>>> print(open('final20.tsv').read())   # TSV, C-alpha atoms
chain	number	residue	atom	x	y	z
R	28	MET	CA	10.92	15.65	-5.56
R	29	TYR	CA	7.48	14.20	-6.21
R	30	SER	CA	5.13	16.12	-8.43
R	31	TYR	CA	1.56	15.04	-9.07
R	32	LEU	CA	1.20	13.55	-12.54
R	33	ASN	CA	-2.16	14.78	-13.82
R	34	PRO	CA	-3.60	12.46	-16.49
R	35	GLY	CA	-6.35	14.99	-17.21
R	36	PRO	CA	-10.07	14.68	-16.74
R	37	THR	CA	-11.43	11.19	-16.25
R	38	PRO	CA	-12.63	9.90	-19.62
R	39	PRO	CA	-16.09	8.41	-19.92
R	40	ALA	CA	-16.26	4.70	-19.17
R	41	ALA	CA	-16.13	2.34	-22.14
R	42	ASN	CA	-19.39	0.73	-20.99
R	43	PRO	CA	-21.87	1.07	-18.11
R	44	ASP	CA	-20.68	-2.16	-16.45
R	45	ALA	CA	-17.12	-0.83	-16.25
R	46	ALA	CA	-18.35	2.42	-14.70
R	47	LYS	CA	-20.41	0.51	-12.14
R	48	LEU	CA	-17.43	-1.68	-11.23
R	49	MET	CA	-15.09	1.29	-10.80
R	50	ARG	CA	-17.56	3.08	-8.51
R	51	ARG	CA	-17.68	0.03	-6.20
R	52	ILE	CA	-13.91	-0.11	-5.62
R	53	ARG	CA	-12.99	0.70	-2.02
R	54	ARG	CA	-9.94	2.65	-0.91
R	55	SER	CA	-9.72	0.98	2.48
R	56	GLY	CA	-11.06	-2.21	4.02
R	57	THR	CA	-10.70	-4.31	0.88
R	58	LYS	CA	-10.99	-8.10	1.06
R	59	PRO	CA	-7.20	-8.64	0.74
R	60	GLU	CA	-6.56	-6.01	3.43
R	61	LEU	CA	-9.12	-7.55	5.80
R	62	ALA	CA	-7.61	-11.01	5.24
R	63	LEU	CA	-4.13	-9.74	6.07
R	64	ARG	CA	-5.36	-7.85	9.13
R	65	SER	CA	-7.05	-11.02	10.35
R	66	ALA	CA	-3.87	-13.05	9.80
R	67	LEU	CA	-1.77	-10.44	11.63
R	68	HIS	CA	-4.22	-10.42	14.53
R	69	ARG	CA	-4.10	-14.23	14.78
R	70	LYS	CA	-0.31	-13.92	15.13
R	71	GLY	CA	-0.81	-11.61	18.10
R	72	LEU	CA	0.08	-8.36	16.36
R	73	ARG	CA	-1.87	-5.22	17.17
R	74	PHE	CA	-2.04	-2.29	14.83
R	75	VAL	CA	-4.01	0.72	13.68
R	76	VAL	CA	-5.52	1.08	10.23
R	77	ASP	CA	-5.80	3.84	7.65
R	78	ARG	CA	-3.54	6.34	9.45
R	79	SER	CA	-0.93	8.93	8.59
R	80	PRO	CA	2.28	8.03	10.43
R	81	PRO	CA	3.98	10.72	12.51
R	82	GLY	CA	6.69	12.56	10.62
R	83	THR	CA	5.09	12.21	7.18
R	84	ASP	CA	2.72	14.03	4.87
R	85	ARG	CA	-0.70	13.94	6.55
R	86	ARG	CA	-2.38	13.26	3.19
R	87	ARG	CA	-0.55	9.95	2.81
R	88	ARG	CA	-2.27	7.17	4.72
R	89	VAL	CA	-0.95	3.72	5.55
R	90	ASP	CA	-3.22	0.67	5.32
R	91	ILE	CA	-1.83	-1.01	8.45
R	92	LEU	CA	0.48	0.71	10.91
R	93	LEU	CA	2.48	-1.23	13.51
R	94	ARG	CA	3.53	1.69	15.68
R	95	GLY	CA	5.89	-0.02	18.15
R	96	ALA	CA	8.00	-1.62	15.43
R	97	ARG	CA	7.55	1.43	13.15
R	98	ILE	CA	6.35	-0.67	10.23
R	99	ALA	CA	4.08	0.84	7.58
R	100	LEU	CA	2.24	-1.90	5.74
R	101	PHE	CA	0.44	-1.44	2.44
R	102	VAL	CA	-1.81	-3.94	0.69
R	103	ASP	CA	-1.46	-3.00	-2.97
R	104	GLY	CA	-4.07	-3.94	-5.53
R	105	CYS	CA	-2.62	-5.53	-8.66
R	106	PHE	CA	-4.46	-3.18	-11.03
R	107	TRP	CA	-4.02	0.14	-9.24
R	108	HIS	CA	-0.38	-0.37	-8.28
R	109	SER	CA	0.73	-2.03	-11.55
R	110	CYS	CA	1.63	-5.50	-10.30
R	111	PRO	CA	4.39	-6.95	-12.53
R	112	VAL	CA	2.55	-10.31	-12.53
R	113	HIS	CA	-1.13	-9.34	-12.79
R	114	GLY	CA	-1.24	-5.64	-13.66
R	115	GLN	CA	-2.89	-4.91	-16.98
R	116	LEU	CA	-3.52	-1.73	-18.87
R	117	PRO	CA	-7.18	-1.40	-19.88
R	118	GLN	CA	-7.95	-1.52	-23.60
R	119	ALA	CA	-10.14	1.58	-23.55
R	120	ASN	CA	-8.55	4.99	-22.84
R	121	ARG	CA	-5.05	3.46	-22.74
R	122	LYS	CA	-3.16	6.77	-22.84
R	123	TRP	CA	-5.13	8.16	-19.88
R	124	TRP	CA	-4.74	4.94	-17.86
R	125	ARG	CA	-1.01	4.73	-18.61
R	126	LEU	CA	-0.55	8.23	-17.13
R	127	LYS	CA	-2.90	7.55	-14.20
R	128	LEU	CA	-1.17	4.30	-13.19
R	129	ARG	CA	2.29	5.83	-13.69
R	130	GLY	CA	1.28	8.65	-11.35
R	131	ILE	CA	0.18	6.17	-8.71
R	132	ALA	CA	3.52	4.33	-8.98
R	133	LEU	CA	5.43	7.61	-8.61
R	134	ARG	CA	3.35	8.55	-5.57
R	135	ASP	CA	4.00	5.11	-4.04
R	136	ARG	CA	7.77	5.53	-4.42
R	137	ASP	CA	7.58	9.02	-2.91
R	138	THR	CA	5.51	7.71	0.00
R	139	ASP	CA	8.09	4.94	0.57
R	140	ALA	CA	10.88	7.54	0.63
R	141	GLN	CA	9.00	9.84	3.04
R	142	LEU	CA	8.28	6.99	5.41
R	143	ALA	CA	11.87	5.69	5.31
R	144	LYS	CA	13.19	9.19	5.99
R	145	ALA	CA	10.89	9.37	9.05
R	146	GLY	CA	12.24	6.03	10.35
R	147	TRP	CA	9.46	3.72	9.19
R	148	LEU	CA	10.04	0.37	7.48
R	149	VAL	CA	7.77	0.13	4.45
R	150	VAL	CA	6.31	-3.27	3.63
R	151	ARG	CA	4.19	-3.71	0.52
R	152	VAL	CA	2.07	-6.81	0.06
R	153	TRP	CA	0.33	-7.57	-3.24
R	154	GLU	CA	-3.35	-8.44	-3.05
R	155	HIS	CA	-2.62	-11.86	-4.60
R	156	GLU	CA	-0.15	-12.89	-1.88
R	157	ASP	CA	-1.17	-15.45	0.71
R	158	PRO	CA	-2.22	-13.50	3.84
R	159	ALA	CA	-0.77	-16.09	6.26
R	160	GLU	CA	2.63	-15.99	4.54
R	161	ALA	CA	2.64	-12.20	4.44
R	162	ALA	CA	1.67	-12.06	8.13
R	163	GLN	CA	4.54	-14.40	8.99
R	164	ARG	CA	7.00	-12.13	7.12
R	165	VAL	CA	5.65	-9.13	9.00
R	166	LEU	CA	5.88	-10.98	12.34
R	167	GLU	CA	9.56	-11.72	11.66
R	168	LEU	CA	10.21	-8.08	10.76
R	169	VAL	CA	8.48	-6.93	13.95
R	170	ALA	CA	10.66	-9.31	15.99
R	171	MET	CA	13.83	-8.04	14.29
R	172	ARG	CA	12.91	-4.37	14.67
R	173	THR	CA	11.81	-4.62	18.29
R	174	ALA	CA	14.90	-6.66	19.22
R	175	TRP	CA	17.12	-4.14	17.44
R	176	SER	CA	15.46	-1.20	19.18
R	177	ALA	CA	15.81	-2.92	22.56
R	178	VAL	CA	19.58	-3.30	22.26
R	179	GLY	CA	20.21	-0.21	20.18
R	180	PRO	CA	22.22	0.28	17.03
R	181	THR	CA	25.63	0.42	18.75
R	182	HIS	CA	25.41	-2.93	20.54
R	183	SER	CA	27.51	-5.74	19.05
R	184	SER	CA	27.34	-9.40	19.93
R	185	GLY	CA	30.85	-10.52	20.03
>>> encode(input="final20.tsv", output="structure tokens")
Amino acid sequence: MYSYLNPGPTPPAANPDAAKLMRRIRRSGTKPELALRSALHRKGLRFVVDRSPPGTDRRRRVDILLRGARIALFVDGCFWHSCPVHGQLPQANRKWWRLKLRGIALRDRDTDAQLAKAGWLVVRVWEHEDPAEAAQRVLELVAMRTAWSAVGPTHSSG
């Protein structure tokens, strides 16, 4: 069972430039997300953005939702979602950031579990991934899921 991991009050920024940068970070409509949405659209896929899928916690929102194929697509930022390749812990306020980023990772895993339980396929794309390659992967998953749903789970091919 997921429980919010409270890192405590936000510590003051190490410098004014860091504070300014953090205030400018968007939750939705980031450059990597827009690039992926554009690549998906070029492949003919239609979707809705920034929605809570049916059957899940209304507070959890999916970046890109392909309703027909029941695919929930997230574009995860390397910093906020602790990318194993590019994620770095800030030098200032390390203890607070360690707890904050750990809490985000726990929430992500809980979101994945909720979506899977509700019948959604969760796809996570890192912000550093090539949008065209990610869109191709998603297109293949859509084809598999829509073909599977058309024949049903009990159909066998010989």
>>> atom_distance(input="final20.tsv", atom1="CA of Gln163 (chain R)", atom2="CA of Asp135 (chain R)")
23.5 Å
>>> closest_residue(input="final20.tsv", among="R:Asn42, R:Ser65, R:Asn33, R:Thr57", to="Pro158 (chain R)", atoms="all atoms listed in the file")
R:Ser65
>>> atom_distance(input="final20.tsv", atom1="CA of Asp84 (chain R)", atom2="CA of Thr138 (chain R)")
8.5 Å
>>> residues_around(input="final20.tsv", residues="region 112-129 of chain R", least_positions_apart="3", cutoff="10 Å", atoms="only C-alpha atoms", output="list in words")
Leu32, Asn33, Pro34, Gly35, Pro36, Thr37, Pro38, Pro39, Ala40, Ala41, Asn42, Gly104, Cys105, Phe106, Trp107, His108, Ser109, Ala132, Leu133, Arg134, Asp135, Trp153 and His155 of chain R
>>> closest_residue(input="final20.tsv", among="R:Leu63, R:Ile52, R:Leu92, R:Met171", to="Asp77 (chain R)", atoms="only C-alpha atoms")
R:Leu92
>>> atom_distance(input="final20.tsv", atom1="CA of Ala159 (chain R)", atom2="CA of Asp103 (chain R)")
16.0 Å
>>> residues_near_point(input="final20.tsv", point="(4.7, 2.5, 10.9)", cutoff="6 Å", atoms="all atoms listed in the file", output="VMD selection string")
chain R and resid 92 to 94 97 to 99 147
>>> axis_aligned_box(input="final20.tsv", around="region 133-143 of chain R", padding_each_side="6 Å", output="AutoDock Vina command-line options")
--center_x 7.6 --center_y 7.4 --center_z -1.6 --size_x 20.5 --size_y 16.9 --size_z 26.0
>>> closest_residue(input="final20.tsv", among="R:Pro43, R:Gly130, R:Pro59, R:Gly95", to="Glu156 (chain R)", atoms="all atoms listed in the file")
R:Pro59
>>> residues_around(input="final20.tsv", residues="His68 (chain R)", least_positions_apart="6", cutoff="10 Å", atoms="all atoms listed in the file", output="list in words")
Ala62, Phe74 and Ala162 of chain R
>>> residues_near_point(input="final20.tsv", point="(9.1, -8.2, 19.4)", cutoff="12 Å", atoms="all atoms listed in the file", output="list in words")
Lys70, Gly71, Leu72, Arg73, Leu93, Arg94, Gly95, Ala96, Arg97, Val165, Leu166, Glu167, Leu168, Val169, Ala170, Met171, Arg172, Thr173, Ala174, Trp175, Ser176, Ala177 and Val178 of chain R
>>> closest_residue(input="final20.tsv", among="R:Val152, R:Leu100, R:Leu61, R:Ile91", to="Val75 (chain R)", atoms="only C-alpha atoms")
R:Ile91
>>> closest_residue(input="final20.tsv", among="R:Arg69, R:Arg87, R:Lys47, R:Arg54", to="Asp137 (chain R)", atoms="all atoms listed in the file")
R:Arg87
